[in-house]
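Raw data_18.txt, compact mmCIF, C-alpha atoms and all ligand atoms:
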```txt
# COMPACT_ATOMS: atom_id res chain seq x y z
CA MET A 1 -1.13 -20.40 -21.66
CA GLU A 2 -4.51 -19.84 -23.16
CA LYS A 3 -4.72 -16.68 -25.24
CA PHE A 4 -7.16 -13.90 -24.56
CA THR A 5 -9.56 -12.97 -27.27
CA SER A 6 -9.52 -9.27 -28.02
CA SER A 7 -13.15 -8.93 -26.94
CA THR A 8 -12.28 -10.14 -23.42
CA MET A 9 -9.54 -7.55 -23.24
CA ASN A 10 -11.74 -4.76 -24.58
CA HIS A 11 -14.26 -5.62 -21.94
CA LEU A 12 -11.60 -5.35 -19.20
CA ILE A 13 -10.13 -2.16 -20.65
CA GLN A 14 -13.61 -0.67 -20.57
CA LEU A 15 -13.98 -1.64 -16.93
CA ARG A 16 -10.61 0.00 -16.14
CA HIS A 17 -11.69 3.20 -17.86
CA THR A 18 -14.97 3.31 -15.94
CA LEU A 19 -13.14 2.83 -12.63
CA HIS A 20 -10.70 5.57 -13.69
CA GLN A 21 -13.56 7.97 -14.41
CA PHE A 22 -15.12 7.61 -10.97
CA PRO A 23 -12.28 7.45 -8.43
CA GLU A 24 -13.03 7.23 -4.73
CA ILE A 25 -10.46 7.83 -1.99
CA ALA A 26 -9.68 5.70 1.06
CA GLN A 27 -12.70 4.65 3.18
CA GLU A 28 -15.15 6.03 0.61
CA GLU A 29 -14.95 3.28 -2.02
CA HIS A 30 -18.68 2.40 -1.95
CA ASN A 31 -19.49 2.93 -5.65
CA THR A 32 -16.24 1.28 -6.68
CA ALA A 33 -17.13 -1.79 -4.60
CA GLN A 34 -20.59 -1.73 -6.20
CA LYS A 35 -19.07 -1.77 -9.70
CA ILE A 36 -16.87 -4.73 -8.73
CA MET A 37 -19.95 -6.53 -7.31
CA GLU A 38 -21.73 -6.00 -10.63
CA PHE A 39 -18.76 -7.37 -12.54
CA PHE A 40 -18.66 -10.53 -10.41
CA ALA A 41 -22.45 -11.02 -10.49
CA SER A 42 -22.25 -13.46 -13.42
CA LEU A 43 -19.00 -15.18 -12.41
CA GLY A 44 -20.55 -17.53 -9.87
CA ALA A 45 -18.06 -17.20 -7.01
CA ASP A 46 -18.74 -19.81 -4.31
CA ARG A 47 -18.68 -17.18 -1.65
CA THR A 48 -18.81 -13.39 -1.57
CA ILE A 49 -17.94 -11.34 1.47
CA GLN A 50 -19.00 -7.70 1.40
CA ASN A 51 -18.01 -4.78 3.63
CA LEU A 52 -14.85 -6.56 4.68
CA GLY A 53 -12.73 -4.15 6.73
CA GLY A 54 -15.00 -1.30 5.56
CA THR A 55 -15.74 -1.31 1.84
CA GLY A 56 -13.63 -4.40 1.06
CA LEU A 57 -14.80 -7.39 -0.98
CA ALA A 58 -13.65 -10.99 -1.17
CA PHE A 59 -14.71 -13.55 -3.78
CA VAL A 60 -13.90 -17.19 -3.09
CA PHE A 61 -13.58 -19.82 -5.83
CA LYS A 62 -13.43 -23.33 -4.42
CA GLY A 63 -11.73 -26.39 -5.91
CA LYS A 64 -13.10 -29.95 -5.97
CA LYS A 65 -10.78 -31.19 -3.26
CA ALA A 66 -8.94 -29.76 -0.29
CA GLY A 67 -5.72 -27.85 -0.84
CA LYS A 68 -3.99 -24.56 -0.31
CA ARG A 69 -5.91 -21.33 -0.05
CA LEU A 70 -4.30 -18.63 -2.21
CA LEU A 71 -5.16 -14.98 -1.93
CA PHE A 72 -4.69 -12.39 -4.66
CA ARG A 73 -5.10 -8.83 -3.49
CA CYS A 74 -5.77 -5.48 -5.16
CA GLU A 75 -6.71 -2.04 -3.86
CA LEU A 76 -9.98 -0.12 -4.24
CA ASP A 77 -8.81 3.40 -3.44
CA ALA A 78 -7.78 6.39 -5.54
CA LEU A 79 -6.01 9.58 -4.44
CA PRO A 80 -7.14 13.08 -3.45
CA ILE A 81 -5.17 14.46 -6.43
CA GLU A 82 -6.58 16.02 -9.60
CA ASP A 83 -6.41 13.82 -12.73
CA LEU A 84 -4.66 16.11 -15.22
CA LYS A 85 -4.42 13.81 -18.21
CA PRO A 86 -7.02 14.61 -20.87
CA SER A 87 -8.52 11.37 -22.16
CA ASP A 88 -11.90 9.82 -22.88
CA HIS A 89 -11.74 8.32 -19.40
CA GLN A 90 -10.41 11.32 -17.44
CA SER A 91 -11.68 11.52 -13.86
CA GLN A 92 -15.18 12.97 -13.55
CA ILE A 93 -14.66 13.65 -9.84
CA PRO A 94 -12.94 17.00 -9.14
CA GLY A 95 -9.77 16.69 -7.08
CA LYS A 96 -9.69 12.90 -7.19
CA GLY A 97 -7.84 10.54 -9.47
CA HIS A 98 -6.67 6.95 -9.91
CA LEU A 99 -3.06 8.10 -10.03
CA CYS A 100 -1.52 5.02 -8.43
CA GLY A 101 -2.99 2.57 -10.95
CA HIS A 102 -5.27 0.78 -8.48
CA ASP A 103 -7.92 0.90 -11.24
CA GLY A 104 -5.59 -1.32 -13.26
CA HIS A 105 -4.87 -3.63 -10.32
CA MET A 106 -8.62 -4.09 -9.72
CA THR A 107 -9.18 -4.84 -13.40
CA ILE A 108 -6.43 -7.48 -13.32
CA ILE A 109 -8.13 -9.23 -10.38
CA CYS A 110 -11.44 -9.02 -12.26
CA GLY A 111 -9.74 -10.68 -15.23
CA LEU A 112 -8.45 -13.38 -12.90
CA GLY A 113 -12.03 -13.81 -11.62
CA GLU A 114 -13.20 -14.48 -15.18
CA LYS A 115 -10.49 -17.11 -15.62
CA LEU A 116 -11.43 -18.82 -12.34
CA SER A 117 -15.07 -18.75 -13.30
CA GLN A 118 -14.31 -20.58 -16.56
CA ASN A 119 -11.76 -22.91 -15.03
CA ARG A 120 -12.29 -23.75 -11.35
CA PRO A 121 -9.32 -24.64 -9.17
CA GLU A 122 -8.60 -28.39 -9.11
CA SER A 123 -7.92 -28.19 -5.41
CA GLY A 124 -7.88 -25.67 -2.60
CA GLU A 125 -9.39 -22.23 -2.86
CA VAL A 126 -8.61 -18.94 -4.50
CA VAL A 127 -9.62 -15.75 -2.72
CA LEU A 128 -9.79 -12.52 -4.71
CA LEU A 129 -9.49 -9.62 -2.30
CA PHE A 130 -10.42 -6.03 -3.11
CA GLN A 131 -8.91 -4.11 -0.22
CA PRO A 132 -9.90 -0.56 0.73
CA ALA A 133 -7.70 2.32 1.89
CA GLU A 134 -4.22 1.26 0.82
CA GLU A 135 -2.98 4.82 0.41
CA THR A 136 -3.50 5.65 4.09
CA GLY A 137 -2.14 2.33 5.33
CA ASP A 138 -5.46 1.56 7.06
CA GLY A 139 -6.98 -0.95 4.64
CA ALA A 140 -4.86 -4.07 5.10
CA LYS A 141 -5.08 -3.63 8.88
CA ALA A 142 -8.87 -3.30 8.76
CA ILE A 143 -9.14 -6.43 6.59
CA LEU A 144 -6.94 -8.49 8.91
CA GLU A 145 -8.85 -7.27 11.96
CA ASP A 146 -12.28 -8.12 10.49
CA PRO A 147 -13.43 -11.34 12.23
CA ARG A 148 -14.57 -12.73 8.85
CA PHE A 149 -10.98 -12.67 7.65
CA GLU A 150 -10.50 -15.92 9.60
CA GLU A 151 -12.73 -17.64 7.02
CA ILE A 152 -10.39 -16.63 4.20
CA ARG A 153 -7.04 -16.62 6.05
CA PRO A 154 -4.69 -17.69 3.23
CA ASP A 155 -1.76 -20.11 3.01
CA ALA A 156 -0.08 -17.66 0.64
CA ALA A 157 -0.88 -14.14 -0.58
CA PHE A 158 0.16 -12.32 -3.76
CA ALA A 159 -0.06 -8.77 -5.04
CA LEU A 160 1.53 -6.69 -7.74
CA HIS A 161 2.14 -3.00 -8.23
CA ASN A 162 2.71 -1.25 -11.52
CA LEU A 163 6.05 0.56 -11.64
CA PRO A 164 6.73 3.59 -13.84
CA GLY A 165 10.41 3.89 -14.77
CA TYR A 166 10.76 0.20 -15.69
CA PRO A 167 10.26 -1.21 -19.20
CA LEU A 168 6.63 -2.03 -19.94
CA HIS A 169 5.76 -5.61 -18.82
CA GLN A 170 9.08 -6.15 -17.00
CA VAL A 171 8.64 -8.15 -13.79
CA VAL A 172 10.48 -6.51 -10.88
CA MET A 173 11.32 -8.92 -8.09
CA ARG A 174 13.18 -9.12 -4.82
CA LYS A 175 13.95 -11.86 -2.33
CA GLY A 176 13.22 -10.56 1.16
CA THR A 177 12.16 -6.94 1.64
CA PHE A 178 10.46 -5.50 -1.44
CA ALA A 179 9.30 -2.17 0.01
CA ALA A 180 10.22 -0.32 3.21
CA GLY A 181 8.05 -0.09 6.28
CA SER A 182 7.20 3.44 7.38
CA THR A 183 5.16 5.47 9.80
CA GLY A 184 4.13 9.06 10.29
CA MET A 185 4.94 10.27 13.80
CA THR A 186 4.04 13.50 15.58
CA ILE A 187 5.67 14.68 18.79
CA SER A 188 3.58 17.17 20.79
CA LEU A 189 5.27 19.30 23.43
CA THR A 190 3.19 21.17 26.00
CA GLY A 191 4.67 23.87 28.21
CA LYS A 192 3.02 27.03 29.51
CA THR A 193 2.27 30.32 27.79
CA SER A 194 3.13 33.63 29.43
CA HIS A 195 3.28 37.29 28.48
CA SER A 196 6.09 37.82 26.00
CA ALA A 197 7.40 40.53 28.36
CA HIS A 198 7.83 37.76 30.96
CA PRO A 199 8.89 34.60 29.15
CA GLU A 200 10.54 33.40 32.39
CA ALA A 201 7.04 32.92 33.86
CA GLY A 202 6.14 30.35 31.20
CA ILE A 203 7.65 27.23 29.70
CA ASN A 204 8.46 27.88 26.06
CA PRO A 205 9.19 24.72 24.01
CA ALA A 206 11.20 26.61 21.32
CA GLN A 207 14.64 25.40 22.40
CA ALA A 208 13.46 21.81 22.81
CA LEU A 209 11.86 21.92 19.35
CA ALA A 210 15.05 23.29 17.79
CA SER A 211 17.11 20.66 19.54
CA LEU A 212 14.84 17.83 18.34
CA MET A 213 14.91 19.15 14.77
CA GLN A 214 18.69 18.90 14.89
CA LYS A 215 19.11 15.65 16.77
CA LEU A 216 16.33 13.36 15.51
CA PRO A 217 17.48 13.10 11.86
CA GLU A 218 20.80 11.73 13.21
CA LEU A 219 19.13 8.77 14.94
CA PRO A 220 18.91 6.43 11.90
CA LYS A 221 22.73 6.11 12.18
CA GLU A 222 22.16 4.15 15.39
CA VAL A 223 20.10 1.52 13.53
CA SER A 224 22.03 -1.35 11.93
CA GLY A 225 20.16 -1.56 8.59
CA PHE A 226 18.82 1.15 6.30
CA ALA A 227 16.65 3.66 8.15
CA LEU A 228 15.58 7.21 7.44
CA LEU A 229 13.92 9.98 9.41
CA THR A 230 12.49 12.87 7.40
CA LEU A 231 11.07 15.97 9.10
CA ILE A 232 7.88 17.05 7.40
CA HIS A 233 6.24 19.69 9.61
CA ALA A 234 6.94 21.83 12.68
CA GLU A 235 4.80 24.25 14.62
CA LEU A 236 5.52 26.52 17.59
CA GLY A 237 2.94 28.56 19.53
CA SER A 238 0.79 30.88 17.43
CA LEU A 239 1.21 34.23 15.69
CA ALA A 240 0.49 36.27 18.84
CA PHE A 241 3.35 38.69 19.53
CA GLY A 242 2.28 39.32 23.09
CA THR A 243 2.52 35.65 24.03
CA SER A 244 5.48 33.41 24.71
CA ALA A 245 4.77 30.04 23.04
CA GLY A 246 3.40 27.26 25.23
CA ARG A 247 3.04 24.46 22.67
CA ALA A 248 4.99 22.88 19.82
CA SER A 249 4.68 19.93 17.54
CA LEU A 250 7.08 18.17 15.21
CA SER A 251 6.01 15.65 12.56
CA MET A 252 8.21 13.23 10.70
CA THR A 253 8.22 10.12 8.57
CA LEU A 254 10.30 7.17 9.74
CA ARG A 255 11.20 4.32 7.40
CA ALA A 256 13.34 1.18 7.36
CA TYR A 257 13.82 -2.00 5.33
CA ASP A 258 13.45 -4.23 8.36
CA GLN A 259 10.53 -4.26 10.79
CA ASN A 260 12.85 -4.52 13.83
CA ASP A 261 14.89 -1.56 12.58
CA LEU A 262 11.72 0.49 12.16
CA GLU A 263 10.61 -0.34 15.69
CA LYS A 264 14.09 0.37 17.02
CA LEU A 265 14.04 3.80 15.31
CA ILE A 266 10.64 4.60 16.83
CA ASP A 267 11.99 3.68 20.29
CA LEU A 268 15.09 5.83 19.78
CA VAL A 269 12.97 8.84 18.79
CA LYS A 270 10.72 8.37 21.82
CA GLU A 271 13.71 8.02 24.13
CA LYS A 272 15.55 11.08 22.82
CA ALA A 273 12.44 13.27 22.67
CA THR A 274 11.38 12.29 26.20
CA LEU A 275 14.81 13.19 27.51
CA VAL A 276 14.78 16.60 25.82
CA ALA A 277 11.21 17.31 26.99
CA GLU A 278 11.89 16.30 30.59
CA LYS A 279 14.95 18.52 30.73
CA ALA A 280 12.84 21.49 29.58
CA GLY A 281 9.93 20.69 31.91
CA LEU A 282 7.58 19.96 28.99
CA LYS A 283 4.82 17.39 28.76
CA ILE A 284 5.29 15.09 25.76
CA ASP A 285 2.85 13.01 23.67
CA PHE A 286 3.35 10.83 20.60
CA GLY A 287 0.94 10.23 17.75
CA PHE A 288 1.23 7.80 14.84
CA VAL A 289 -0.49 7.88 11.45
CA GLU A 290 -0.14 6.09 8.13
CA SER A 291 1.81 3.13 9.50
CA PHE A 292 2.94 0.62 6.88
CA ALA A 293 4.63 -2.67 7.73
CA VAL A 294 7.71 -3.76 5.77
CA SER A 295 6.68 -5.74 2.64
CA LYS A 296 8.73 -8.89 2.96
CA ASN A 297 8.72 -11.50 0.19
CA ASP A 298 8.81 -15.16 1.13
CA PRO A 299 11.90 -16.77 -0.47
CA GLU A 300 9.99 -20.01 -1.19
CA LEU A 301 7.48 -18.17 -3.36
CA TYR A 302 10.25 -16.50 -5.37
CA PRO A 303 10.82 -19.37 -7.85
CA ILE A 304 7.06 -19.65 -8.46
CA VAL A 305 6.75 -15.99 -9.43
CA GLU A 306 10.00 -16.19 -11.40
CA ASN A 307 8.79 -19.25 -13.35
CA ALA A 308 5.43 -17.60 -14.00
CA ALA A 309 7.24 -14.64 -15.59
CA ARG A 310 9.53 -16.99 -17.58
CA ASN A 311 6.59 -19.03 -18.86
CA LEU A 312 5.00 -15.83 -20.14
CA GLY A 313 8.25 -14.77 -21.80
CA LEU A 314 8.52 -11.62 -19.67
CA SER A 315 11.82 -9.99 -18.80
CA ILE A 316 12.72 -10.18 -15.13
CA ILE A 317 14.83 -7.83 -13.04
CA GLU A 318 16.03 -8.56 -9.53
CA LYS A 319 16.15 -5.16 -7.84
CA PRO A 320 19.35 -4.77 -5.80
CA GLU A 321 17.80 -2.56 -3.10
CA PRO A 322 14.26 -2.53 -1.70
CA PHE A 323 11.98 0.36 -2.63
CA ARG A 324 12.00 3.20 -0.10
CA TRP A 325 8.24 3.71 -0.39
CA SER A 326 5.77 1.53 1.50
CA GLU A 327 2.80 -0.68 0.65
CA ASP A 328 0.30 -1.84 3.23
CA PHE A 329 0.40 -5.33 1.66
CA GLY A 330 3.40 -5.64 4.02
CA LEU A 331 0.97 -6.52 6.79
CA PHE A 332 0.05 -9.73 4.95
CA SER A 333 3.69 -10.80 5.12
CA GLN A 334 3.29 -10.87 8.90
CA ILE A 335 0.46 -13.45 8.78
CA CYS A 336 1.38 -15.78 5.89
CA PRO A 337 4.01 -16.34 3.20
CA SER A 338 3.44 -13.49 0.77
CA PHE A 339 4.90 -12.03 -2.38
CA LEU A 340 4.68 -8.55 -3.86
CA PHE A 341 6.19 -7.94 -7.28
CA GLY A 342 6.34 -5.02 -9.68
CA LEU A 343 5.20 -4.76 -13.28
CA GLY A 344 7.04 -2.17 -15.35
CA ALA A 345 4.69 0.56 -16.59
CA GLY A 346 7.16 2.00 -19.11
CA GLU A 347 10.37 4.01 -18.80
CA ASP A 348 8.78 7.26 -19.96
CA CYS A 349 5.62 6.80 -17.93
CA PRO A 350 4.83 9.62 -15.42
CA GLN A 351 5.54 8.61 -11.82
CA LEU A 352 2.85 7.27 -9.49
CA HIS A 353 0.75 10.01 -7.81
CA GLU A 354 1.64 12.45 -10.62
CA GLY A 355 -1.36 14.29 -12.06
CA THR A 356 -0.87 12.83 -15.54
CA TYR A 357 -0.38 9.19 -14.52
CA ASP A 358 -2.71 6.71 -16.24
CA PHE A 359 -2.36 2.92 -15.82
CA PRO A 360 -1.19 1.36 -19.14
CA ASP A 361 -4.01 -0.83 -20.48
CA GLU A 362 -1.45 -3.23 -22.00
CA LEU A 363 -0.54 -4.33 -18.46
CA ILE A 364 -3.99 -5.78 -17.76
CA LYS A 365 -3.29 -8.85 -19.89
CA THR A 366 0.21 -9.23 -18.39
CA GLY A 367 -1.10 -8.93 -14.83
CA VAL A 368 -3.91 -11.44 -15.36
CA GLY A 369 -1.41 -13.76 -17.06
CA MET A 370 1.02 -13.56 -14.13
CA PHE A 371 -1.63 -14.33 -11.51
CA VAL A 372 -3.17 -17.16 -13.58
CA GLU A 373 0.29 -18.67 -14.07
CA ILE A 374 1.19 -18.36 -10.35
CA TRP A 375 -2.07 -20.07 -9.46
CA ARG A 376 -1.46 -22.80 -12.09
CA LEU A 377 2.11 -23.47 -10.90
CA ILE A 378 1.03 -23.80 -7.26
CA GLN A 379 -1.81 -26.16 -8.26
CA LYS A 380 0.70 -28.28 -10.16
CA GLU A 381 2.83 -28.59 -7.02
CA GLU A 382 -0.05 -29.98 -4.97
ZN ZN B 1 -0.13 5.14 -4.19
ZN ZN B 2 -0.52 2.04 -5.11
```
Translate the structure described by the file into structure tokens.
Amino acid sequence: MEKFTSSTMNHLIQLRHTLHQFPEIAQEEHNTAQKIMEFFASLGADRTIQNLGGTGLAFVFKGKKAGKRLLFRCELDALPIEDLKPSDHQSQIPGKGHLCGHDGHMTIICGLGEKLSQNRPESGEVVLLFQPAEETGDGAKAILEDPRFEEIRPDAAFALHNLPGYPLHQVVMRKGTFAAGSTGMTISLTGKTSHSAHPEAGINPAQALASLMQKLPELPKEVSGFALLTLIHAELGSLAFGTSAGRASLSMTLRAYDQNDLEKLIDLVKEKATLVAEKAGLKIDFGFVESFAVSKNDPELYPIVENAARNLGLSIIEKPEPFRWSEDFGLFSQICPSFLFGLGAGEDCPQLHEGTYDFPDELIKTGVGMFVEIWRLIQKEE
């Protein structure tokens, strides 16, 4: 593989630091998108799509003849968490930080853009996608629902995520599920308030709430694969001592390694909660937020990613179990063969979303190298 000159890398590191200094959270990534537009201004992409699924961007590099359309995806958004690591590129925006390394992922795709600009695909097309709002699980969905996505609908899609806790540069792979699917779910129970001297005149959801808090976490046992239900918030009535509660809500996160298992778990929760509510004479409603599909890797793409890592001399680890966290890239695995892999960010690196996390600059070169090599290997197959 062609070597990078240090000036190219410095230029990318500088870009990463600028992105790190001015983080924007989900749905607000306007200035970030602008910076990416400026970076691509001189790269001569054959097609640029702006405001895709909100603030998203896609740059298309076309080959001389027809062939596969490959998509490489990164994320535009940062987190509503303070950047606590003092550095020359510490976040300038109070309460916001690039603490998931999406600044690094964007820079890697920018580096790939430079490579494509210098060396057009022989055949097919390469789409570089800068997706908004990954952290809330809304971005991938918004991209796929944008009518213009049809013009860039890929034959295969790739993404990477940096992974603290693994040796720097190690490629973390899995056949099948890479990361769990999950959803936030809120159950709302509505009864009737009454004077606390006459609770019998109202319908107090307290017992139903208590029963659900006990019974719902048991439901994952009824699902065949790995599934988990974690209670995260509960509320009953209000702090009014003269009033018997008339409302309650219970919020939880559901997750599973298989999309069918996740849907089964949701159905089980609905079924059980409806039963409990009906018995108590309560009205019941369900709300869902932050839904992430299971990230499922296509087995046919596995050897391509594996060979790319080998060709770069990187160490590879096949993770025995999927990750319990979720990535909204999972939605791409529902529309085309896709592959998500991890890049070790160092064993002593702070965890993602920690205040002191800072994407390792050394990974930019590795990430660009991996994507260039994946693209090269697929071209060779055609
Ligand atoms: Zn994150
Ligand atoms: Zn992330």
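Residue neighbourhood of region 308-311 of chain A, excluding near-sequence residues (fewer than 4 positions): Val171, Ile304, Ser315, Ile316, Met370, Glu373, Ile374 and Leu377 of chain A, at 8 Å, using all atoms listed in the file.
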Option closest in space to Pro217 (chain A), from A:Gln34, A:Lys175, A:Leu268, A:Tyr257 [counting all atoms listed in the file] = A:Leu268
For ligand ZN 2 (chain B), the nearest of the candidates A:His102, A:His30, A:Lys319, A:Arg69, counting all atoms listed in the file = A:His102
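Separating CA of Gly369 (chain A) from CA of Gly342 (chain A) is a distance of 13.8 Å.
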Compute the set of protein, DNA and RNA residues whose minimum atom distance to ligand ZN 2 (chain B) is at most 12 Å, using only C-alpha atoms and all ligand atoms, and state it as a ChimeraX atom specification.
-> /A:25-26,73-79,98-106,131-137,159-164,179,325-329,340,342,351-354,357,359
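CA of Ile378 (chain A) is positioned 20.4 Å from CA of Asp46 (chain A).
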